[in-house]
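Shown here: run-v5.cif, mmCIF, C-alpha atoms and all ligand atoms.
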```
data_model
loop_
_atom_site.label_atom_id
_atom_site.label_comp_id
_atom_site.auth_asym_id
_atom_site.auth_seq_id
_atom_site.Cartn_x
_atom_site.Cartn_y
_atom_site.Cartn_z
CA MET W 14 0.00 0.00 0.00
CA GLU W 15 1.44 3.33 -1.00
CA SER W 16 0.37 5.32 2.07
CA GLY W 17 1.39 4.47 5.60
CA LEU W 18 -2.14 5.01 6.93
CA ARG W 19 -4.07 1.99 8.06
CA ASP W 20 -7.24 0.97 6.20
CA ILE W 21 -10.17 1.82 8.48
CA ARG W 22 -11.84 -1.45 7.42
CA GLU W 23 -9.00 -3.36 9.11
CA LEU W 24 -10.04 -2.09 12.55
CA SER W 25 -12.13 -4.24 14.85
CA ARG W 26 -15.03 -2.59 16.62
CA SER W 27 -13.10 -2.44 19.90
CA GLU W 28 -10.06 -0.89 18.19
CA LEU W 29 -12.29 1.76 16.64
CA GLU W 30 -13.89 2.48 20.03
CA ALA W 31 -10.49 2.71 21.72
CA PHE W 32 -9.26 5.14 19.06
CA LEU W 33 -12.32 7.39 19.33
CA VAL W 34 -12.25 7.43 23.14
CA GLY W 35 -8.52 8.19 22.89
CA VAL W 36 -9.21 11.36 20.87
CA GLY W 37 -11.84 12.49 23.38
CA GLU W 38 -15.02 11.26 21.69
CA LYS W 39 -17.94 9.51 23.36
CA LYS W 40 -18.20 5.76 22.84
CA PHE W 41 -21.46 5.99 20.85
CA ARG W 42 -19.56 7.72 18.03
CA ALA W 43 -17.94 4.38 17.31
CA ALA W 44 -21.38 2.88 16.58
CA GLN W 45 -22.09 5.67 14.10
CA VAL W 46 -18.73 5.38 12.33
CA TYR W 47 -19.03 1.57 12.35
CA GLU W 48 -22.44 1.79 10.71
CA TRP W 49 -21.07 4.05 7.98
CA ILE W 50 -18.25 1.64 7.21
CA TRP W 51 -20.06 -1.68 7.34
CA LYS W 52 -23.79 -1.08 6.90
CA LYS W 53 -23.78 1.90 4.53
CA GLY W 54 -20.58 0.86 2.78
CA ALA W 55 -18.98 4.31 2.92
CA CYS W 56 -15.96 4.83 0.67
CA SER W 57 -14.77 8.07 2.24
CA PHE W 58 -14.96 9.97 5.53
CA ASP W 59 -16.74 12.86 3.76
CA GLU W 60 -19.84 10.69 3.34
CA MET W 61 -20.29 10.42 7.10
CA SER W 62 -22.86 13.21 7.30
CA ASN W 63 -23.78 12.80 10.99
CA ILE W 64 -20.12 12.97 12.05
CA SER W 65 -18.64 16.41 12.75
CA LYS W 66 -16.16 17.86 10.27
CA SER W 67 -13.48 18.01 12.98
CA LEU W 68 -13.85 14.29 13.76
CA ARG W 69 -13.88 13.40 10.05
CA ASP W 70 -10.61 15.34 9.76
CA ILE W 71 -9.09 13.41 12.68
CA LEU W 72 -10.19 10.11 11.09
CA SER W 73 -8.72 10.99 7.70
CA GLU W 74 -5.42 12.07 9.30
CA ASN W 75 -5.13 8.62 10.89
CA PHE W 76 -6.84 6.18 8.54
CA ARG W 77 -7.89 5.79 4.96
CA PHE W 78 -10.25 3.70 2.85
CA CYS W 79 -8.51 1.15 0.63
CA ASN W 80 -11.38 0.93 -1.84
CA VAL W 81 -11.64 -1.24 -4.90
CA THR W 82 -12.89 0.57 -8.01
CA CYS W 83 -14.58 -0.98 -11.02
CA VAL W 84 -12.54 0.12 -14.05
CA TYR W 85 -13.96 -2.07 -16.80
CA THR W 86 -17.12 -4.11 -17.39
CA VAL W 87 -18.03 -6.66 -19.98
CA ALA W 88 -21.45 -8.28 -20.52
CA SER W 89 -22.17 -11.73 -21.92
CA VAL W 90 -25.14 -12.58 -24.15
CA ASP W 91 -26.32 -14.92 -21.35
CA GLY W 92 -26.51 -11.98 -18.89
CA THR W 93 -23.30 -12.69 -16.98
CA ARG W 94 -21.29 -9.56 -16.21
CA LYS W 95 -17.60 -9.45 -15.47
CA PHE W 96 -16.06 -6.52 -13.64
CA LEU W 97 -12.43 -5.59 -13.51
CA PHE W 98 -11.60 -4.01 -10.15
CA GLU W 99 -8.54 -1.98 -9.28
CA THR W 100 -7.07 -1.61 -5.80
CA CYS W 101 -5.50 1.58 -4.35
CA ASP W 102 -2.04 0.32 -5.35
CA GLY W 103 -3.07 -0.37 -8.95
CA CYS W 104 -3.55 -4.17 -8.77
CA ARG W 105 -6.37 -5.64 -10.83
CA PHE W 106 -8.71 -8.56 -10.21
CA GLU W 107 -12.13 -9.76 -11.32
CA GLY W 108 -15.57 -10.13 -9.85
CA VAL W 109 -18.52 -11.65 -11.70
CA LEU W 110 -22.31 -11.41 -11.43
CA ILE W 111 -24.27 -14.41 -12.68
CA PRO W 112 -28.04 -13.88 -12.93
CA GLY W 113 -30.51 -16.76 -13.20
CA ASP W 114 -33.82 -18.12 -11.83
CA GLY W 115 -34.71 -14.94 -9.98
CA ARG W 116 -31.39 -14.66 -8.21
CA VAL W 117 -27.97 -13.19 -8.70
CA THR W 118 -24.79 -14.98 -7.66
CA ALA W 119 -21.54 -13.10 -7.21
CA CYS W 120 -18.27 -14.89 -7.88
CA ILE W 121 -15.53 -13.14 -5.96
CA SER W 122 -11.72 -13.10 -5.84
CA THR W 123 -9.49 -13.36 -2.78
CA GLN W 124 -6.03 -12.89 -4.29
CA ILE W 125 -4.37 -10.94 -7.10
CA GLY W 126 -3.33 -13.88 -9.28
CA CYS W 127 -2.72 -17.30 -7.78
CA GLN W 128 0.30 -19.46 -6.97
CA MET W 129 -1.46 -22.83 -7.27
CA GLY W 130 -0.69 -23.27 -10.99
CA CYS W 131 -3.67 -25.45 -12.03
CA ALA W 132 -2.99 -26.36 -15.64
CA PHE W 133 -6.47 -25.51 -16.97
CA CYS W 134 -6.77 -22.11 -15.25
CA ALA W 135 -5.99 -18.72 -16.78
CA THR W 136 -5.48 -17.16 -13.35
CA GLY W 137 -2.86 -19.79 -12.54
CA GLN W 138 -0.90 -18.59 -15.54
CA LEU W 139 -0.93 -14.97 -14.30
CA GLY W 140 1.30 -15.85 -11.37
CA PHE W 141 0.77 -14.45 -7.88
CA LYS W 142 0.98 -10.83 -6.88
CA ARG W 143 -0.53 -10.48 -3.42
CA ASN W 144 -3.42 -11.34 -1.13
CA LEU W 145 -6.45 -9.10 -1.12
CA THR W 146 -6.98 -7.59 2.32
CA SER W 147 -10.17 -8.35 4.25
CA GLY W 148 -11.30 -4.76 3.60
CA GLU W 149 -10.75 -5.16 -0.15
CA ILE W 150 -12.65 -8.46 -0.24
CA PHE W 151 -15.51 -6.90 1.71
CA HIS W 152 -15.59 -3.83 -0.52
CA GLN W 153 -15.62 -6.06 -3.61
CA VAL W 154 -18.74 -7.83 -2.27
CA PHE W 155 -20.39 -4.56 -1.25
CA SER W 156 -19.69 -3.07 -4.70
CA LEU W 157 -21.02 -6.16 -6.49
CA ASN W 158 -24.16 -5.97 -4.36
CA GLY W 159 -24.65 -2.36 -5.49
CA LEU W 160 -24.00 -3.33 -9.12
CA SER W 161 -26.49 -6.19 -8.82
CA ASN W 162 -29.16 -3.78 -7.54
CA GLU W 163 -28.37 -1.36 -10.36
CA ILE W 164 -28.26 -3.88 -13.21
CA PHE W 165 -30.62 -6.65 -12.15
CA GLY W 166 -32.83 -4.78 -9.68
CA MET W 167 -32.06 -7.13 -6.80
CA PRO W 168 -29.34 -7.63 -4.18
CA LEU W 169 -27.00 -10.61 -4.22
CA SER W 170 -28.70 -13.89 -3.42
CA ASN W 171 -25.51 -16.00 -3.19
CA ILE W 172 -21.76 -15.64 -3.12
CA VAL W 173 -19.28 -18.17 -4.47
CA ILE W 174 -15.62 -17.71 -3.62
CA MET W 175 -14.37 -19.15 -6.88
CA GLY W 176 -12.78 -16.15 -8.57
CA MET W 177 -9.09 -15.35 -8.73
CA GLY W 178 -6.94 -16.95 -6.05
CA GLU W 179 -7.03 -19.80 -3.55
CA PRO W 180 -9.03 -18.54 -0.54
CA LEU W 181 -7.37 -20.93 1.90
CA MET W 182 -3.99 -19.38 1.05
CA ASN W 183 -5.47 -16.11 2.31
CA TYR W 184 -7.29 -17.69 5.22
CA ASP W 185 -7.55 -14.90 7.81
CA ASN W 186 -8.51 -12.11 5.40
CA THR W 187 -11.09 -14.25 3.60
CA LEU W 188 -12.72 -15.44 6.83
CA MET W 189 -12.73 -11.94 8.28
CA ALA W 190 -14.47 -10.63 5.14
CA ILE W 191 -17.04 -13.47 5.17
CA ASN W 192 -17.76 -12.80 8.84
CA MET W 193 -18.43 -9.17 8.03
CA VAL W 194 -20.61 -9.95 4.99
CA SER W 195 -22.71 -12.33 7.10
CA SER W 196 -22.85 -10.08 10.18
CA GLU W 197 -26.22 -8.49 11.02
CA GLN W 198 -24.32 -5.24 11.58
CA SER W 199 -23.28 -5.30 7.95
CA MET W 200 -24.81 -7.06 4.92
CA GLY W 201 -26.43 -9.82 7.00
CA MET W 202 -26.08 -12.52 4.36
CA SER W 203 -26.70 -16.04 5.64
CA PRO W 204 -23.52 -18.18 5.58
CA GLN W 205 -25.65 -20.88 3.96
CA ARG W 206 -25.71 -18.68 0.87
CA ILE W 207 -21.94 -18.48 0.73
CA THR W 208 -19.75 -21.19 -0.82
CA MET W 209 -15.98 -21.32 -0.61
CA SER W 210 -14.13 -23.35 -3.19
CA THR W 211 -10.64 -24.73 -2.59
CA CYS W 212 -8.18 -26.70 -4.68
CA GLY W 213 -7.56 -28.85 -1.58
CA ILE W 214 -5.22 -27.32 1.03
CA ALA W 215 -5.77 -30.21 3.45
CA PRO W 216 -4.50 -28.61 6.72
CA GLN W 217 -6.58 -25.48 6.10
CA ILE W 218 -9.72 -27.58 5.51
CA ARG W 219 -9.12 -29.05 8.98
CA ARG W 220 -8.70 -25.52 10.30
CA LEU W 221 -12.06 -24.51 8.79
CA ALA W 222 -13.60 -27.44 10.66
CA ASP W 223 -11.92 -26.40 13.92
CA ASP W 224 -13.14 -22.85 13.41
CA GLY W 225 -16.70 -24.20 13.04
CA VAL W 226 -17.47 -22.32 9.82
CA ARG W 227 -21.09 -22.30 8.69
CA PHE W 228 -20.63 -21.54 5.01
CA ASN W 229 -20.55 -24.26 2.33
CA LEU W 230 -17.35 -25.91 1.21
CA SER W 231 -16.65 -26.98 -2.31
CA ILE W 232 -13.61 -28.97 -3.41
CA SER W 233 -12.17 -28.43 -6.90
CA LEU W 234 -11.32 -32.07 -7.46
CA HIS W 235 -11.12 -32.54 -11.24
CA SER W 236 -9.55 -35.98 -10.85
CA ALA W 237 -9.65 -38.69 -8.18
CA ILE W 238 -6.55 -40.41 -9.55
CA ASP W 239 -3.33 -39.14 -7.96
CA ALA W 240 -1.14 -39.42 -11.08
CA LYS W 241 -3.62 -37.39 -13.15
CA ARG W 242 -4.40 -34.89 -10.43
CA ASN W 243 -0.65 -34.29 -9.97
CA GLU W 244 -0.50 -33.24 -13.60
CA ILE W 245 -3.45 -30.88 -13.71
CA MET W 246 -3.32 -29.61 -10.09
CA PRO W 247 0.22 -29.37 -8.69
CA ILE W 248 -1.15 -28.92 -5.14
CA ASN W 249 -1.89 -32.66 -5.24
CA ARG W 250 1.83 -33.40 -4.99
CA LYS W 251 1.84 -31.67 -1.63
CA TYR W 252 -1.54 -32.89 -0.38
CA PRO W 253 -2.38 -36.10 -2.26
CA LEU W 254 -5.88 -37.56 -2.35
CA SER W 255 -5.36 -39.64 0.82
CA GLU W 256 -4.61 -36.47 2.81
CA LEU W 257 -7.40 -34.56 1.15
CA SER W 258 -9.93 -37.28 1.96
CA GLY W 259 -8.77 -37.34 5.60
CA ALA W 260 -9.35 -33.58 5.83
CA ILE W 261 -12.79 -33.82 4.18
CA LYS W 262 -13.85 -36.59 6.57
CA TYR W 263 -12.69 -34.45 9.49
CA PHE W 264 -14.58 -31.43 8.11
CA HIS W 265 -17.77 -33.46 7.79
CA ALA W 266 -17.41 -35.01 11.25
CA LYS W 267 -16.96 -31.60 12.88
CA THR W 268 -19.43 -29.46 10.92
CA GLY W 269 -21.99 -32.00 9.70
CA SER W 270 -21.92 -30.22 6.32
CA ARG W 271 -22.10 -31.95 2.98
CA VAL W 272 -19.28 -30.94 0.65
CA THR W 273 -19.61 -30.34 -3.07
CA TYR W 274 -17.02 -31.61 -5.54
CA GLU W 275 -16.36 -29.57 -8.65
CA TYR W 276 -15.33 -31.70 -11.61
CA LEU W 277 -14.26 -29.97 -14.81
CA MET W 278 -14.65 -32.33 -17.75
CA LEU W 279 -11.47 -32.23 -19.84
CA GLY W 280 -11.79 -34.20 -23.05
CA GLY W 281 -9.49 -37.26 -23.12
CA VAL W 282 -7.92 -36.28 -19.77
CA ASN W 283 -10.34 -37.07 -16.93
CA ASP W 284 -13.56 -38.17 -18.62
CA GLY W 285 -13.09 -41.94 -19.03
CA PHE W 286 -14.81 -44.78 -17.16
CA ASP W 287 -11.81 -45.27 -14.84
CA ASP W 288 -12.03 -41.61 -13.94
CA ALA W 289 -15.74 -41.88 -13.16
CA ARG W 290 -15.16 -44.98 -11.01
CA ALA W 291 -12.30 -43.34 -9.12
CA LEU W 292 -14.50 -40.30 -8.51
CA THR W 293 -17.41 -42.27 -7.06
CA GLU W 294 -15.00 -44.31 -4.90
CA PHE W 295 -13.33 -41.16 -3.57
CA THR W 296 -16.54 -39.30 -2.84
CA LYS W 297 -17.95 -42.18 -0.76
CA ILE W 298 -16.07 -40.80 2.27
CA SER W 299 -18.91 -38.49 3.33
CA PRO W 300 -22.28 -37.19 2.07
CA CYS W 301 -21.68 -35.04 -0.97
CA LYS W 302 -22.86 -33.56 -4.22
CA ILE W 303 -20.93 -33.58 -7.49
CA ASN W 304 -20.98 -30.63 -9.85
CA ILE W 305 -19.92 -31.50 -13.36
CA ILE W 306 -18.61 -28.45 -15.22
CA GLU W 307 -18.35 -28.09 -18.96
CA TYR W 308 -14.94 -26.84 -19.97
CA ASN W 309 -14.58 -23.57 -21.90
CA PRO W 310 -11.49 -23.83 -24.08
CA HIS W 311 -9.57 -20.57 -24.44
CA PRO W 312 -7.05 -19.41 -27.06
CA ASP W 313 -3.68 -21.24 -26.93
CA ASP W 314 -5.34 -24.00 -24.92
CA THR W 315 -4.07 -27.54 -24.73
CA PHE W 316 -7.35 -28.82 -23.24
CA ARG W 317 -10.64 -29.42 -25.00
CA ARG W 318 -14.23 -29.93 -23.93
CA SER W 319 -15.46 -33.50 -23.36
CA GLY W 320 -17.78 -34.90 -26.00
CA SER W 321 -21.46 -35.26 -25.10
CA ASP W 322 -21.22 -39.05 -25.30
CA ALA W 323 -18.36 -39.20 -22.78
CA MET W 324 -20.20 -36.79 -20.50
CA GLU W 325 -23.41 -38.80 -20.59
CA LYS W 326 -21.64 -42.06 -19.69
CA PHE W 327 -19.69 -40.33 -16.94
CA ILE W 328 -22.81 -38.82 -15.40
CA SER W 329 -24.87 -41.98 -15.63
CA HIS W 330 -22.15 -43.88 -13.72
CA ILE W 331 -22.33 -41.29 -10.91
CA GLU W 332 -26.12 -41.53 -10.85
CA SER W 333 -25.95 -45.33 -10.73
CA CYS W 334 -24.02 -44.92 -7.45
CA ASN W 335 -26.87 -42.81 -6.02
CA ILE W 336 -24.76 -39.69 -5.73
CA VAL W 337 -26.42 -36.32 -6.34
CA VAL W 338 -24.96 -34.87 -9.53
CA THR W 339 -25.65 -31.62 -11.35
CA VAL W 340 -24.22 -30.29 -14.59
CA ARG W 341 -23.16 -26.69 -14.64
CA LYS W 342 -23.13 -25.06 -18.03
CA SER W 343 -20.30 -22.57 -18.25
CA LYS W 344 -21.63 -19.05 -18.22
CA GLY W 345 -20.09 -15.99 -19.81
CA SER W 346 -18.06 -18.05 -22.26
CA ASP W 347 -18.22 -15.30 -24.88
CA ILE W 348 -16.70 -12.63 -22.61
CA ALA W 349 -13.73 -14.55 -21.21
CA ALA W 350 -13.28 -18.27 -21.39
CA ALA W 351 -11.85 -18.72 -17.92
CA CYS W 352 -11.39 -16.92 -14.67
CA GLY W 353 -8.45 -14.51 -14.84
CA GLN W 354 -8.66 -13.84 -18.54
CA LEU W 355 -10.20 -10.42 -18.16
CA ALA W 356 -7.42 -9.34 -15.81
CA ASN W 357 -4.90 -10.82 -18.21
CA MET W 358 -6.42 -9.04 -21.18
CA LYS W 359 -6.41 -5.62 -19.48
CA LYS W 360 -3.10 -6.06 -17.70
S1 LIG O 1 -8.17 -23.01 -10.32
FE1 LIG O 1 -8.20 -21.74 -8.48
S2 LIG O 1 -6.52 -22.56 -7.25
FE2 LIG O 1 -6.17 -23.32 -9.34
S3 LIG O 1 -4.81 -21.78 -10.28
FE3 LIG O 1 -6.92 -21.19 -10.76
S4 LIG O 1 -7.49 -19.71 -9.17
FE4 LIG O 1 -5.68 -20.85 -8.43
#
```
Conversion result in structure tokens:
Amino acid sequence: MESGLRDIRELSRSELEAFLVGVGEKKFRAAQVYEWIWKKGACSFDEMSNISKSLRDILSENFRFCNVTCVYTVASVDGTRKFLFETCDGCRFEGVLIPGDGRVTACISTQIGCQMGCAFCATGQLGFKRNLTSGEIFHQVFSLNGLSNEIFGMPLSNIVIMGMGEPLMNYDNTLMAINMVSSEQSMGMSPQRITMSTCGIAPQIRRLADDGVRFNLSISLHSAIDAKRNEIMPINRKYPLSELSGAIKYFHAKTGSRVTYEYLMLGGVNDGFDDARALTEFTKISPCKINIIEYNPHPDDTFRRSGSDAMEKFISHIESCNIVVTVRKSKGSDIAAACGQLANMKK
């Protein structure tokens, strides 16, 4: 961050109270300032109309707002909108709004780039720049909620943490932002409407269980065969399927939640009968749902979409094992084939 001032969104309520009491203000001022930051989503101290000019000056001499600003938008024929956001220090990342069936889902980012290097992912090829702060993640959600109201006439119904970055590599900031988004003193969104997706950082999945999180967990699996998963998701070399399954079992035992597995169908790579059998074996470990995702090839891509025949056979094997399976059609394929491409294009 280019200025030495602390982002006001990084302060806890008690820190804010202590600061205000320290400069001679009454404690109730903290409630007013807090409401401006978290409930009204203020982006500057000037907006705080019931706060005296002298106190606003004191606040701006000591803190600042590290806002994220939408600098570019692109709309798909299917209604999906992608937004390119810029941070105070000029870093860029994406957020997406996906409308459908009377609701709007926001797909949000937690990092600038990503160090996980999944072979099929455009973000993975961008490399890693830095974590988003909790304030930046929160402001991204708040901004997307405003954009959803403006464009679709309704607030966000759901949030999926599936944009740029691996959220469990930015654990504290992501959880802090989710806590704020679901707090009644802020946006008040039910954690049941929030889904975090991870590529499988086993120790952090255990940590989520220990922290008793109430949001949904989704695992980007994409192969249940170690040798294949090693190739397409390098994280598997560090936390192979045996460790991942141990962490998922632990998560289920502690939270009682059913996990979702994301499975991107890559033609000729992970869509054979052996792959389907390995998947149903692996997912037996706890109650689950499988989301099959159609692949969107992008320019210079080595992967291709699975044929409809291969997909049908794959899905009918899963169904024959009595596992809940849904097929997710890729949305917004005409505006950027994969997550991270917009940021790449405008870099
Ligand atoms: S799929 Fe997710 S974890 Fe893998 S490189 Fe892309 S953003 Fe990172």
Query raised in the report: Mind listing the residues within 12 Å of ligand LIG 1 (chain O), all atoms listed in the file counted, as a ChimeraX atom specification?
Result: /W:106-107,120-141,174-183,209-214,231-235,242,245-249,275-277,351-354
Write a file of the just-selected residues containing C-alpha atoms, as an mmCIF file, in the frame of the given file.
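This went into part_15.cif:
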```cif
data_model
loop_
_atom_site.group_PDB
_atom_site.id
_atom_site.type_symbol
_atom_site.label_atom_id
_atom_site.label_comp_id
_atom_site.auth_asym_id
_atom_site.auth_seq_id
_atom_site.Cartn_x
_atom_site.Cartn_y
_atom_site.Cartn_z
ATOM 1 C CA PHE W 106 -8.710 -8.560 -10.210
ATOM 2 C CA GLU W 107 -12.130 -9.760 -11.320
ATOM 3 C CA CYS W 120 -18.270 -14.890 -7.880
ATOM 4 C CA ILE W 121 -15.530 -13.140 -5.960
ATOM 5 C CA SER W 122 -11.720 -13.100 -5.840
ATOM 6 C CA THR W 123 -9.490 -13.360 -2.780
ATOM 7 C CA GLN W 124 -6.030 -12.890 -4.290
ATOM 8 C CA ILE W 125 -4.370 -10.940 -7.100
ATOM 9 C CA GLY W 126 -3.330 -13.880 -9.280
ATOM 10 C CA CYS W 127 -2.720 -17.300 -7.780
ATOM 11 C CA GLN W 128 0.300 -19.460 -6.970
ATOM 12 C CA MET W 129 -1.460 -22.830 -7.270
ATOM 13 C CA GLY W 130 -0.690 -23.270 -10.990
ATOM 14 C CA CYS W 131 -3.670 -25.450 -12.030
ATOM 15 C CA ALA W 132 -2.990 -26.360 -15.640
ATOM 16 C CA PHE W 133 -6.470 -25.510 -16.970
ATOM 17 C CA CYS W 134 -6.770 -22.110 -15.250
ATOM 18 C CA ALA W 135 -5.990 -18.720 -16.780
ATOM 19 C CA THR W 136 -5.480 -17.160 -13.350
ATOM 20 C CA GLY W 137 -2.860 -19.790 -12.540
ATOM 21 C CA GLN W 138 -0.900 -18.590 -15.540
ATOM 22 C CA LEU W 139 -0.930 -14.970 -14.300
ATOM 23 C CA GLY W 140 1.300 -15.850 -11.370
ATOM 24 C CA PHE W 141 0.770 -14.450 -7.880
ATOM 25 C CA ILE W 174 -15.620 -17.710 -3.620
ATOM 26 C CA MET W 175 -14.370 -19.150 -6.880
ATOM 27 C CA GLY W 176 -12.780 -16.150 -8.570
ATOM 28 C CA MET W 177 -9.090 -15.350 -8.730
ATOM 29 C CA GLY W 178 -6.940 -16.950 -6.050
ATOM 30 C CA GLU W 179 -7.030 -19.800 -3.550
ATOM 31 C CA PRO W 180 -9.030 -18.540 -0.540
ATOM 32 C CA LEU W 181 -7.370 -20.930 1.900
ATOM 33 C CA MET W 182 -3.990 -19.380 1.050
ATOM 34 C CA ASN W 183 -5.470 -16.110 2.310
ATOM 35 C CA MET W 209 -15.980 -21.320 -0.610
ATOM 36 C CA SER W 210 -14.130 -23.350 -3.190
ATOM 37 C CA THR W 211 -10.640 -24.730 -2.590
ATOM 38 C CA CYS W 212 -8.180 -26.700 -4.680
ATOM 39 C CA GLY W 213 -7.560 -28.850 -1.580
ATOM 40 C CA ILE W 214 -5.220 -27.320 1.030
ATOM 41 C CA SER W 231 -16.650 -26.980 -2.310
ATOM 42 C CA ILE W 232 -13.610 -28.970 -3.410
ATOM 43 C CA SER W 233 -12.170 -28.430 -6.900
ATOM 44 C CA LEU W 234 -11.320 -32.070 -7.460
ATOM 45 C CA HIS W 235 -11.120 -32.540 -11.240
ATOM 46 C CA ARG W 242 -4.400 -34.890 -10.430
ATOM 47 C CA ILE W 245 -3.450 -30.880 -13.710
ATOM 48 C CA MET W 246 -3.320 -29.610 -10.090
ATOM 49 C CA PRO W 247 0.220 -29.370 -8.690
ATOM 50 C CA ILE W 248 -1.150 -28.920 -5.140
ATOM 51 C CA ASN W 249 -1.890 -32.660 -5.240
ATOM 52 C CA GLU W 275 -16.360 -29.570 -8.650
ATOM 53 C CA TYR W 276 -15.330 -31.700 -11.610
ATOM 54 C CA LEU W 277 -14.260 -29.970 -14.810
ATOM 55 C CA ALA W 351 -11.850 -18.720 -17.920
ATOM 56 C CA CYS W 352 -11.390 -16.920 -14.670
ATOM 57 C CA GLY W 353 -8.450 -14.510 -14.840
ATOM 58 C CA GLN W 354 -8.660 -13.840 -18.540
#
```
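CA of Ala323 in chain W is found 8.7 Å from CA of Phe286 in chain W.
The environment of Phe264 in chain W within 10 Å, counting all atoms listed in the file and disregarding residues fewer than 2 places along the same chain, consists of W:Ile218, W:Arg219, W:Arg220, W:Leu221, W:Ala222, W:Asp223, W:Gly225, W:Val226, W:Leu230, W:Ser258, W:Gly259, W:Ala260, W:Ile261, W:Lys262, W:Ala266, W:Lys267, W:Thr268, W:Gly269, W:Ser270, W:Arg271, W:Val272, W:Ser299.
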Requested in this report: Take CA of Asp114 in chain W and CA of Leu169 in chain W and report the distance between them in Å, one decimal.
Outcome: 12.7 Å
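Minimum distance to Arg250 in chain W across W:Arg317, W:Thr100, W:Ala215, W:Thr273 (counting only C-alpha atoms) occurs at W:Ala215.
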Can you tell me, as a PDB file with C-alpha atoms, in the frame of the given file, which residues sit within 9 Å of (-11.2, -4.9, -7.8) in the file's frame, using only C-alpha atoms?
```pdb
ATOM      1  CA  ASN W  80     -11.380   0.930  -1.840  1.00  0.00           C
ATOM      2  CA  VAL W  81     -11.640  -1.240  -4.900  1.00  0.00           C
ATOM      3  CA  THR W  82     -12.890   0.570  -8.010  1.00  0.00           C
ATOM      4  CA  CYS W  83     -14.580  -0.980 -11.020  1.00  0.00           C
ATOM      5  CA  VAL W  84     -12.540   0.120 -14.050  1.00  0.00           C
ATOM      6  CA  PHE W  96     -16.060  -6.520 -13.640  1.00  0.00           C
ATOM      7  CA  LEU W  97     -12.430  -5.590 -13.510  1.00  0.00           C
ATOM      8  CA  PHE W  98     -11.600  -4.010 -10.150  1.00  0.00           C
ATOM      9  CA  GLU W  99      -8.540  -1.980  -9.280  1.00  0.00           C
ATOM     10  CA  THR W 100      -7.070  -1.610  -5.800  1.00  0.00           C
ATOM     11  CA  CYS W 104      -3.550  -4.170  -8.770  1.00  0.00           C
ATOM     12  CA  ARG W 105      -6.370  -5.640 -10.830  1.00  0.00           C
ATOM     13  CA  PHE W 106      -8.710  -8.560 -10.210  1.00  0.00           C
ATOM     14  CA  GLU W 107     -12.130  -9.760 -11.320  1.00  0.00           C
ATOM     15  CA  GLY W 108     -15.570 -10.130  -9.850  1.00  0.00           C
ATOM     16  CA  SER W 122     -11.720 -13.100  -5.840  1.00  0.00           C
ATOM     17  CA  GLU W 149     -10.750  -5.160  -0.150  1.00  0.00           C
ATOM     18  CA  ILE W 150     -12.650  -8.460  -0.240  1.00  0.00           C
ATOM     19  CA  HIS W 152     -15.590  -3.830  -0.520  1.00  0.00           C
ATOM     20  CA  GLN W 153     -15.620  -6.060  -3.610  1.00  0.00           C
TER      21      GLN W 153
END
```
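Closest approach to Gly103 in chain W among W:Val36, W:Cys79, W:Val117, W:Ile331 is made by W:Cys79 (distances from only C-alpha atoms).
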Report task. Excluding Arg22 in chain W and residues on its chain fewer than 6 positions from it, collect all residues at most 9 Å away from it, counting all atoms listed in the file, and give them as a ChimeraX atom specification. Result -> /W:50-51,77-79,147-149,151
Report task. Tell me, as a list of chain:residue names, which residues lie within 10 Å of Glu294 in chain W, counting all atoms listed in the file; anything in the same chain fewer than 6 positions away does not count. Result -> W:Ala237, W:Asp288, W:Ile331, W:Cys334
Requested in this report: Pick out the closest residue to Ser25 in chain W from this set: W:Tyr85, W:Ala190, W:Val109, W:Tyr308. Count all atoms listed in the file.
Outcome: W:Ala190
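From CA of Met189 in chain W back to CA of Phe41 in chain W, the distance works out to 23.6 Å.
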Requested in this report: For each of W:Ile328, W:Met167, W:Leu145, W:Ala55, take the minimum atom-to-atom distance to Gly113 in chain W, counting only C-alpha atoms, then give the residue where this is smallest.
Outcome: W:Met167
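The shortest atom-to-atom distance to Trp49 in chain W, with only C-alpha atoms taken into account, belongs to W:Ser199 out of W:Thr118, W:Asn144, W:Ser199, W:Gln205.
Among the candidate residues W:Ile305, W:Ile71, W:Ala289, W:Ile164, the one lying nearest to Gly35 in chain W is W:Ile71, with distances computed using all atoms listed in the file.
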